[in-house]
6 protein chains.
Amino acid sequence: MPEPVFDIPDPIINGDTADIYFARTVEVLKREGLNPVAAMEVFPSRAGILCGIKEVEALLKRVLPPGSEVWALEEGARMERKEVVLRIKGPYQSYGLYETAYLGMLSHCSGWATAARECVDEARGIPITSFGARHVHPLVAGRLDYASMVGGCTGCSSPQGARLSGSVVAGTMPHALIICFGDTVKATIAFDRHMPPQVSRTSLVDTFKDEREESLRVAGALKGRLQGVRLDTPSERGRVTPDLVKEIRHALDINGFKEVKIFVSGGVDVERIRLFREAGAPVDAYGIGSYISGARPIDFTADIHEVDGKPVAKRGRMIGITPNPRLKRVM
Amino acid sequence: MPEPVFDIPDPIINGDTADIYFARTVEVLKREGLNPVAAMEVFPSRAGILCGIKEVEALLKRVLPPGSEVWALEEGARMERKEVVLRIKGPYQSYGLYETAYLGMLSHCSGWATAARECVDEARGIPITSFGARHVHPLVAGRLDYASMVGGCTGCSSPQGARLSGSVVAGTMPHALIICFGDTVKATIAFDRHMPPQVSRTSLVDTFKDEREESLRVAGALKGRLQGVRLDTPSERGRVTPDLVKEIRHALDINGFKEVKIFVSGGVDVERIRLFREAGAPVDAYGIGSYISGARPIDFTADIHEVDGKPVAKRGRMIGITPNPRLKRVM
Amino acid sequence: MPEPVFDIPDPIINGDTADIYFARTVEVLKREGLNPVAAMEVFPSRAGILCGIKEVEALLKRVLPPGSEVWALEEGARMERKEVVLRIKGPYQSYGLYETAYLGMLSHCSGWATAARECVDEARGIPITSFGARHVHPLVAGRLDYASMVGGCTGCSSPQGARLSGSVVAGTMPHALIICFGDTVKATIAFDRHMPPQVSRTSLVDTFKDEREESLRVAGALKGRLQGVRLDTPSERGRVTPDLVKEIRHALDINGFKEVKIFVSGGVDVERIRLFREAGAPVDAYGIGSYISGARPIDFTADIHEVDGKPVAKRGRMIGITPNPRLKRVM
Amino acid sequence: MPEPVFDIPDPIINGDTADIYFARTVEVLKREGLNPVAAMEVFPSRAGILCGIKEVEALLKRVLPPGSEVWALEEGARMERKEVVLRIKGPYQSYGLYETAYLGMLSHCSGWATAARECVDEARGIPITSFGARHVHPLVAGRLDYASMVGGCTGCSSPQGARLSGSVVAGTMPHALIICFGDTVKATIAFDRHMPPQVSRTSLVDTFKDEREESLRVAGALKGRLQGVRLDTPSERGRVTPDLVKEIRHALDINGFKEVKIFVSGGVDVERIRLFREAGAPVDAYGIGSYISGARPIDFTADIHEVDGKPVAKRGRMIGITPNPRLKRVM
Amino acid sequence: MPEPVFDIPDPIINGDTADIYFARTVEVLKREGLNPVAAMEVFPSRAGILCGIKEVEALLKRVLPPGSEVWALEEGARMERKEVVLRIKGPYQSYGLYETAYLGMLSHCSGWATAARECVDEARGIPITSFGARHVHPLVAGRLDYASMVGGCTGCSSPQGARLSGSVVAGTMPHALIICFGDTVKATIAFDRHMPPQVSRTSLVDTFKDEREESLRVAGALKGRLQGVRLDTPSERGRVTPDLVKEIRHALDINGFKEVKIFVSGGVDVERIRLFREAGAPVDAYGIGSYISGARPIDFTADIHEVDGKPVAKRGRMIGITPNPRLKRVM
Amino acid sequence: MPEPVFDIPDPIINGDTADIYFARTVEVLKREGLNPVAAMEVFPSRAGILCGIKEVEALLKRVLPPGSEVWALEEGARMERKEVVLRIKGPYQSYGLYETAYLGMLSHCSGWATAARECVDEARGIPITSFGARHVHPLVAGRLDYASMVGGCTGCSSPQGARLSGSVVAGTMPHALIICFGDTVKATIAFDRHMPPQVSRTSLVDTFKDEREESLRVAGALKGRLQGVRLDTPSERGRVTPDLVKEIRHALDINGFKEVKIFVSGGVDVERIRLFREAGAPVDAYGIGSYISGARPIDFTADIHEVDGKPVAKRGRMIGITPNPRLKRVM
């Protein structure tokens, strides 16, 4: 993955999105003339895949004065529960305001990346496209897709996510297209007519007719140009099951459409992937939305462990710097 | 709550955060010269508190041509599973690209507002401040706080959230302030010296010493100016328990500090609130973070039910417009 | 229900299907010249609906000498666990051989009738047809259907069962008919052309196409002559769900086929009926097979409680005749 | 096991026990002049022991015209879930009526045989006699015993079952015999006096007295002629437990009756057998009734996969003939 | 219940059974010349029946100097979790050594009394005899029986327990007596011949023969002098069940022994009592052993809440005297 | 462990604590002139550690006439469920009265020893002190401590228990000492001043202040003389957790007090020990109270298996002597 470029917008820099007590703390310290060199350590509340650290670095580099130190694990690294993944050492007034922001970046992105990795691990090589943009606020849809890619997805559906992760944006066709045309075959033929050649011809086959019937109709209509069918059967029709995938594969094969891939979406999660695999369903690709986008953020905690070179810690924490040889100095 | 003002930034308008297949769909339709008047209906996958609809309206009003219709439930309304909360009727090309955005706004914000409402209902009148900004990406920290307020919280910690929801920003003091001073009493005295009078004097009492000892020390030091103590005991020290709250209350009272309120934070959720209530713990206010910020987004689905006046629906959905007398026309 | 007529075939009369030790017992008693008047009492191992007692009476009347007594509950009566439902009093040699037969008739038939009653109770007035003949040996298929009718079903699928229960045989059409024709509409038109008017025109709509599409096709083709559609969706396609029934109903209605009934089959059991009811699915009739046919027989036990007027009982049983005022003397 | 001889009675041949819609289907096809060569495949809904296929073959050979094909697994074969165990290929009109019958034969008999096999497997060589005739309708008592023998039992209690399976009928003595005599010892002596030598002298020892006392009395009375005692303790007296078996064995042994076997009956099932085995109870034989007779039939399904040489299948099934090399052609 | 008399033996007075650190504490205080008037409060860790407080009072009255105060709930009172049941106020040196002893008296005795009360409540008026002496060390067998009586039992089996509780000692006969005679009838006749008239003639009927047979034999032999039979069937013979009690009652009644009571023992606990009651078993009395004797002691805790008139408390406790109007001053 | 010396007090010898029916049995036998040589066997109802057998031997040796036999397993031996651990053979009149006593000694003591062994096994070498005296009646506090030592504890808190088990009595300091002094440091200094050198200087650090703060204060005050700190945090303050132990260890170490041990008490049981071990908490010693003292007594049963050389047994038991090669003759 190429190095992503993160712009830090003004509301983050000026504290508009920060917990107000940090602004007040900095204010009190300034008025008291106190600006100790504090070592802040950040750890997650559960194990997972670290994500967001690149954006955190971009933020810290903008605000820390020269001579400060930032130590971190790498983007995408596996982290243990309570492992220190970030250590900041510098004059507290310069970065005290940003605790809300850097914890939030890590929490949200690591939650998504971790969920994506679980799917990728369970899929054992079957490619996964991130489809979850529709379940998060559009302001963070690109971050979700980026985190999914950090977690191991092979494609994502938003241009912003694709750009941040240096990948090509991916998609098939929505039900709306077919409903506007009134027929899957007509919609697919029009799609094929107007889309540039690099866009995959993957038709959605559960809109109006039974999936088996529709798959054979659309494969027949595109005469070898069809690259895949997407099964997205709604729960009211029993969802996509391993048996359905097998039956569609079998029907395509005995009718001479062995080259048509089967793309499965609709409520796919780790448990469903396992179900498909254990049942031997010949899935060629998955589209996963809410399992990743709905992943619980991983809470991160920041604690000061040293003040002007003196080991400290609040109750419940170990006094002094926590050694972690995996940390690399990034500033 | 006053009417919030939402700006829709460019990446949303130009589709940078949208699923790519919507851009492709609009492209195909344009090339085919098809622009049917489509009625799109949106419903949630589970019951909850609707939030985000104001921002959705701001978006749709920017993109829909005159003569289009938008029908919606009100911000903060309780919605049922599968109830239609939004209906858009207009030329499909004008709004097809925004399905990702309006679903995402509703999903994320309704998830947060619903979780906040659960806490508010359980607390039975005890005020709750939203403290979750640190667990979400700062780009949406303000939306989280706004949704918490829609859900019934009485305060939130970010200036952006307070502005969107027309409220006053709320906070106490972080452990970092106390650690920089090296002593809770010193930190609290400095805080009291420099903060304007409208800022609450609420001291955090679990940093270095036992909570009972520290509460009495700080109450004694501020001589009647202390408004509250915040208990945020870490799990390594047993968290905040009903017994602890009772004991602190008892200790403050018999030492003459009846006016000092007790503010509880740290892993507070619906179950903990019930625990405190059933145990009769005299909590005066709660600060709630990850229960709200970590709430799973509520997936919303959009379906076309009418095309150029003709009832339609994909398999699994009822054909034609779904009657819902609760919907109000907002455009 | 008219009085059923049961013929007792030779293998039952000559002991070919009896436990051999009864034949040996009678033999030993004959050789010893012992033929006491014994009072045998029969009770079930669990509560339920008594069925088979008519056939038992037919058997006993054939073998008991004059002066013997038979007391019984009525066919279809609700019986308690361990309640005496049958008492035989007569010379033991005359009926000792038939313990296997009369227990077996009661066990198998009461098991089926009890399961049928559970469905009938849960369905709250929606008629149920017994469809289970295919899951039991054909020698007892008629008994199964008879027991289902005793339990409260309103129809059954085998002529023998209909004759025993004095009802009209019921059925729709099998997948085989449609597959032989290659199309549901063609098969339904032919069925309509050749069947006498009293046979219901109920078409099976899940064979080749989506149920919604097929229902509308066949309703349109029969022009008002279609009385019902049967939904029998296989588990590979998600079974019949409440949502599917609602959607088909809605689609039929808005297309002007309000008179077409919806008949549901395929794995229907008490739990599914409850599910349909609680979800408000507009089911008009159920076809139930394996829940009834696969019901566990209710074990019955026979004990001698009196020998030549003297109260007796084996260990674990109460000595002497067990009073039960519900028993009626039937011989 | 010798080849069993099954007569197919008239009600099966003339459709009296068949689902009526098969008769109607054949009628419609006749009137339309349609008689396609159809390939019907039959599979079970769960794994188990196939039983009833011999009777099915007898039926099909009577009704199929020359040139038809029947392929089947062997009686007693272990079959997988959804494995094709029977394929019929012939003019549909000739066998369409018998789907109810052949499915029912397989369902009921395979259910029993599978349950019997579970007991046999768990018993690890300890012989089991089928005692379940009393829990099923006498019309199928012989089929039950036959299926138990196919499943691995070493004896059964009905003459019909013994004849079908080519074995010797087995039994001990019922409580009724002892109650008629008023004493276990008297009854056993009379039994011994009159029964031919090949009948086992196994006395039932729980009728009037404690099992230990009675076992020693009867063993003492028969002076070496006693072959076994049967423990059938009712649940009101604690059932037969491993401790009881051990104690009776110990009491018989130290009193010099080592040759007397212990036969256990009364609610024996797979779990009880395991309990006895794990506790090291010296059981010599089991009599098992309702676990086998009450086994749920295994539902079988029949589907047409080819019509006049053309691959077909209803939704949810694979189109065309299903390969299964284990099938043998039997017609 | 008359006032019990408790002697406090020397090892308790001299600290031989006390935690050593109390002796050391008193030693340190003496050497430092510290002897504050301390108010010690004692509470239980769970709700129950208070027992042992009489013995505690006897101990404290022996060691506390005049002017000291002792406040307590009454023996047999129901106490809540964490309710103060005892308050001692006096010079700490005089009673500090006895914390182990008074906590232990309360813990052990309250545990037993609480378990007895549970049985008594469940039995709804059916008398219960305490039979648990054999499951505790003989040094405390009398205390166990005393606590059982405080809990509501109507009799106990040890002379010491009967004397402490002012009741008459109760018992039937052991298996050993019957085994020494070799026959239940012989043993019962001898018992009847030699015992004074006030001793109940209750025969134990499960030693050698079936309970029903033995009950009738012994009732017949004593010709109206038999007052009861005790059922104590071992688990190897199925324990005493409701069905057994009913059957014995029925057999005694129809043979003219309506006056013979049924006494049930052997693993009786709250759950068994409920089982007997719900099944309508005609039990006349219970003997209960290990449910009471094996009851977990109720841990009690002692805390100082006042030192020389100044309110104090360790962390986790409320500072100062805990008001409890139920306490009565007993010294 | 040296041979313990047990005195058998009069109330045991004269039957004051025995079930009354044993006294009556001996009386009846005397009057009948029956004094058979009976072999009594004793077995436990569950597996565990045998304890109390030494005291039983002391009792039996006092009452049995010469020529009698006593066979037993060793004190502290692991015993199986239903294994014979004691066999007495002698004239029944001489020992019949003592069945209550010897069963009670074994029951209570074996229950304690078994619970102690479970803790010892789980602790894997970390020493455990028995602290349970306060939860049992002081009459048996010494037996509890003795049994704990037999079970593997390395110390106990009562002088009587220490004497019986030939060990040194162990303890730290109670909260009462600290509350009398008003400060942990003052109390600890006084303790150190007056206690003889062999008494461990282990300070209790949870009374008034946070454990970390107090540990450092007291370690600093004793200047190298402090041997340990005891953590006994109440549940209201979160109990002692693995994290707390680690944090205290870390704080002591980095402040130069590596020699100070950490002693953990307060609700410690097998599950807590496992929790500490699996979390890697550096515990140096445990104090365990109610898990051992509250252990359920192990019920023991005594049965006569031989009378005057003739094998016998009540129903449910094996007739005659039970061979057990592990038994040693001790009289």
# chains A, B, ... in the order shown; residues from 1 in each chain; ligands from 1
$ interface_residues --of "chain C" --to "chain D" --cutoff "7 Å" --atoms "only C-alpha atoms" --output "PyMOL selection string"
chain C and resi 12+16-21+25+28+36+100-101+103-105+107-108+133-142+157-160+169-174+176-177+180+190-191+194+207-208+234+236-237+294-297+299+304+307+314-316
$ select_by_dssp --residues "range 43-268 of chain B" --states "strand (DSSP E)" --output "MDAnalysis selection string"
chainID B and resid 43:44 48:49 69:72 78:79 86:91 128:130 155:156 202:204 228:231 261:264
$ select_by_dssp --residues "range 111-197 of chain B" --states "helix (DSSP H, G or I)" --output "PyMOL selection string"
chain B and resi 111-123+132-135+138-151+159-164+175-181+184-194
$ residues_around --residues "Gly280 in chain C" --least-positions-apart "3" --cutoff "12 Å" --atoms "only C-alpha atoms" --output "PDB file with N, CA and C atoms, in the first residue's frame"
ATOM      1  N   THR C 241     -41.754 -18.205   4.732  1.00  0.00           N
ATOM      2  CA  THR C 241     -41.641 -17.322   5.901  1.00  0.00           C
ATOM      3  C   THR C 241     -42.873 -16.430   5.990  1.00  0.00           C
ATOM      4  N   PRO C 242     -43.122 -15.852   7.177  1.00  0.00           N
ATOM      5  CA  PRO C 242     -44.231 -14.903   7.300  1.00  0.00           C
ATOM      6  C   PRO C 242     -44.129 -13.770   6.291  1.00  0.00           C
ATOM      7  N   ASP C 243     -42.906 -13.265   6.087  1.00  0.00           N
ATOM      8  CA  ASP C 243     -42.752 -12.176   5.131  1.00  0.00           C
ATOM      9  C   ASP C 243     -43.164 -12.603   3.726  1.00  0.00           C
ATOM     10  N   LEU C 244     -42.829 -13.828   3.352  1.00  0.00           N
ATOM     11  CA  LEU C 244     -43.193 -14.300   2.019  1.00  0.00           C
ATOM     12  C   LEU C 244     -44.707 -14.362   1.877  1.00  0.00           C
ATOM     13  N   VAL C 245     -45.380 -14.888   2.890  1.00  0.00           N
ATOM     14  CA  VAL C 245     -46.841 -14.977   2.822  1.00  0.00           C
ATOM     15  C   VAL C 245     -47.452 -13.588   2.693  1.00  0.00           C
ATOM     16  N   LYS C 246     -46.945 -12.664   3.490  1.00  0.00           N
ATOM     17  CA  LYS C 246     -47.476 -11.295   3.410  1.00  0.00           C
ATOM     18  C   LYS C 246     -47.266 -10.689   2.017  1.00  0.00           C
ATOM     19  N   GLU C 247     -46.073 -10.915   1.488  1.00  0.00           N
ATOM     20  CA  GLU C 247     -45.757 -10.317   0.198  1.00  0.00           C
ATOM     21  C   GLU C 247     -46.633 -10.914  -0.913  1.00  0.00           C
ATOM     22  N   ARG C 249     -49.581 -12.280  -0.516  1.00  0.00           N
ATOM     23  CA  ARG C 249     -50.931 -11.774  -0.295  1.00  0.00           C
ATOM     24  C   ARG C 249     -51.080 -10.361  -0.878  1.00  0.00           C
ATOM     25  N   ILE C 273     -46.221 -22.463  13.264  1.00  0.00           N
ATOM     26  CA  ILE C 273     -47.568 -21.884  13.279  1.00  0.00           C
ATOM     27  C   ILE C 273     -47.585 -20.664  14.199  1.00  0.00           C
ATOM     28  N   ARG C 274     -46.941 -20.819  15.353  1.00  0.00           N
ATOM     29  CA  ARG C 274     -46.885 -19.685  16.281  1.00  0.00           C
ATOM     30  C   ARG C 274     -46.165 -18.500  15.632  1.00  0.00           C
ATOM     31  N   LEU C 275     -45.078 -18.797  14.949  1.00  0.00           N
ATOM     32  CA  LEU C 275     -44.308 -17.763  14.263  1.00  0.00           C
ATOM     33  C   LEU C 275     -45.175 -17.028  13.248  1.00  0.00           C
ATOM     34  N   PHE C 276     -45.906 -17.789  12.439  1.00  0.00           N
ATOM     35  CA  PHE C 276     -46.775 -17.157  11.441  1.00  0.00           C
ATOM     36  C   PHE C 276     -47.844 -16.295  12.125  1.00  0.00           C
ATOM     37  N   ARG C 277     -48.396 -16.841  13.204  1.00  0.00           N
ATOM     38  CA  ARG C 277     -49.475 -16.109  13.852  1.00  0.00           C
ATOM     39  C   ARG C 277     -48.955 -14.817  14.481  1.00  0.00           C
ATOM     40  N   VAL C 283     -52.139 -16.547   6.524  1.00  0.00           N
ATOM     41  CA  VAL C 283     -52.225 -17.927   6.031  1.00  0.00           C
ATOM     42  C   VAL C 283     -53.690 -18.364   6.064  1.00  0.00           C
ATOM     43  N   ASP C 284     -54.138 -19.020   4.994  1.00  0.00           N
ATOM     44  CA  ASP C 284     -55.526 -19.493   4.954  1.00  0.00           C
ATOM     45  C   ASP C 284     -55.647 -20.961   5.342  1.00  0.00           C
TER      46      ASP C 284
END
$ atom_distance --atom1 "CA of Ile49 in chain D" --atom2 "CA of Lys61 in chain D"
22.8 Å
$ residues_around --residues "range 257-267 of chain F" --least-positions-apart "4" --cutoff "7 Å" --atoms "only C-alpha atoms" --output "PyMOL selection string"
chain F and resi 226-233+252-253+283-288
$ write_last_selection --atoms "N, CA and C atoms" --output "PDB file, in the first residue's frame"
ATOM      1  N   LEU F 226      10.592  -4.406  57.124  1.00  0.00           N
ATOM      2  CA  LEU F 226       9.277  -4.898  56.711  1.00  0.00           C
ATOM      3  C   LEU F 226       9.433  -6.168  55.875  1.00  0.00           C
ATOM      4  N   GLN F 227       8.760  -7.246  56.314  1.00  0.00           N
ATOM      5  CA  GLN F 227       8.873  -8.494  55.557  1.00  0.00           C
ATOM      6  C   GLN F 227       7.768  -8.670  54.527  1.00  0.00           C
ATOM      7  N   GLY F 228       6.650  -8.026  54.791  1.00  0.00           N
ATOM      8  CA  GLY F 228       5.575  -8.207  53.823  1.00  0.00           C
ATOM      9  C   GLY F 228       4.478  -7.197  54.008  1.00  0.00           C
ATOM     10  N   VAL F 229       3.655  -7.085  52.967  1.00  0.00           N
ATOM     11  CA  VAL F 229       2.407  -6.333  53.087  1.00  0.00           C
ATOM     12  C   VAL F 229       1.267  -7.305  52.808  1.00  0.00           C
ATOM     13  N   ARG F 230       0.182  -7.126  53.571  1.00  0.00           N
ATOM     14  CA  ARG F 230      -0.985  -7.963  53.305  1.00  0.00           C
ATOM     15  C   ARG F 230      -2.049  -7.132  52.609  1.00  0.00           C
ATOM     16  N   LEU F 231      -2.496  -7.616  51.439  1.00  0.00           N
ATOM     17  CA  LEU F 231      -3.592  -6.992  50.703  1.00  0.00           C
ATOM     18  C   LEU F 231      -4.873  -7.736  51.047  1.00  0.00           C
ATOM     19  N   ASP F 232      -5.850  -7.014  51.575  1.00  0.00           N
ATOM     20  CA  ASP F 232      -7.111  -7.625  52.007  1.00  0.00           C
ATOM     21  C   ASP F 232      -8.284  -6.727  51.576  1.00  0.00           C
ATOM     22  N   THR F 233      -8.091  -6.048  50.460  1.00  0.00           N
ATOM     23  CA  THR F 233      -9.040  -5.052  49.965  1.00  0.00           C
ATOM     24  C   THR F 233     -10.476  -5.580  49.988  1.00  0.00           C
ATOM     25  N   LEU F 252       6.697  -1.274  44.689  1.00  0.00           N
ATOM     26  CA  LEU F 252       7.694  -1.616  45.712  1.00  0.00           C
ATOM     27  C   LEU F 252       9.075  -1.756  45.062  1.00  0.00           C
ATOM     28  N   ASP F 253       9.111  -2.448  43.936  1.00  0.00           N
ATOM     29  CA  ASP F 253      10.394  -2.714  43.288  1.00  0.00           C
ATOM     30  C   ASP F 253      11.093  -1.437  42.848  1.00  0.00           C
ATOM     31  N   VAL F 283       2.083 -13.176  43.595  1.00  0.00           N
ATOM     32  CA  VAL F 283       1.656 -13.397  44.972  1.00  0.00           C
ATOM     33  C   VAL F 283       2.707 -14.254  45.691  1.00  0.00           C
ATOM     34  N   ASP F 284       3.057 -13.877  46.922  1.00  0.00           N
ATOM     35  CA  ASP F 284       4.038 -14.655  47.681  1.00  0.00           C
ATOM     36  C   ASP F 284       3.394 -15.618  48.661  1.00  0.00           C
ATOM     37  N   ALA F 285       2.176 -15.322  49.108  1.00  0.00           N
ATOM     38  CA  ALA F 285       1.488 -16.215  50.040  1.00  0.00           C
ATOM     39  C   ALA F 285       0.005 -15.859  50.057  1.00  0.00           C
ATOM     40  N   TYR F 286      -0.782 -16.868  50.362  1.00  0.00           N
ATOM     41  CA  TYR F 286      -2.225 -16.656  50.478  1.00  0.00           C
ATOM     42  C   TYR F 286      -2.683 -16.930  51.906  1.00  0.00           C
ATOM     43  N   GLY F 287      -3.708 -16.205  52.330  1.00  0.00           N
ATOM     44  CA  GLY F 287      -4.438 -16.545  53.547  1.00  0.00           C
ATOM     45  C   GLY F 287      -5.832 -16.936  53.126  1.00  0.00           C
ATOM     46  N   ILE F 288      -6.265 -18.150  53.488  1.00  0.00           N
ATOM     47  CA  ILE F 288      -7.573 -18.632  53.013  1.00  0.00           C
ATOM     48  C   ILE F 288      -8.453 -18.991  54.195  1.00  0.00           C
TER      49      ILE F 288
END
$ atom_distance --atom1 "CA of Glu57 in chain C" --atom2 "CA of Leu86 in chain C"
9.8 Å
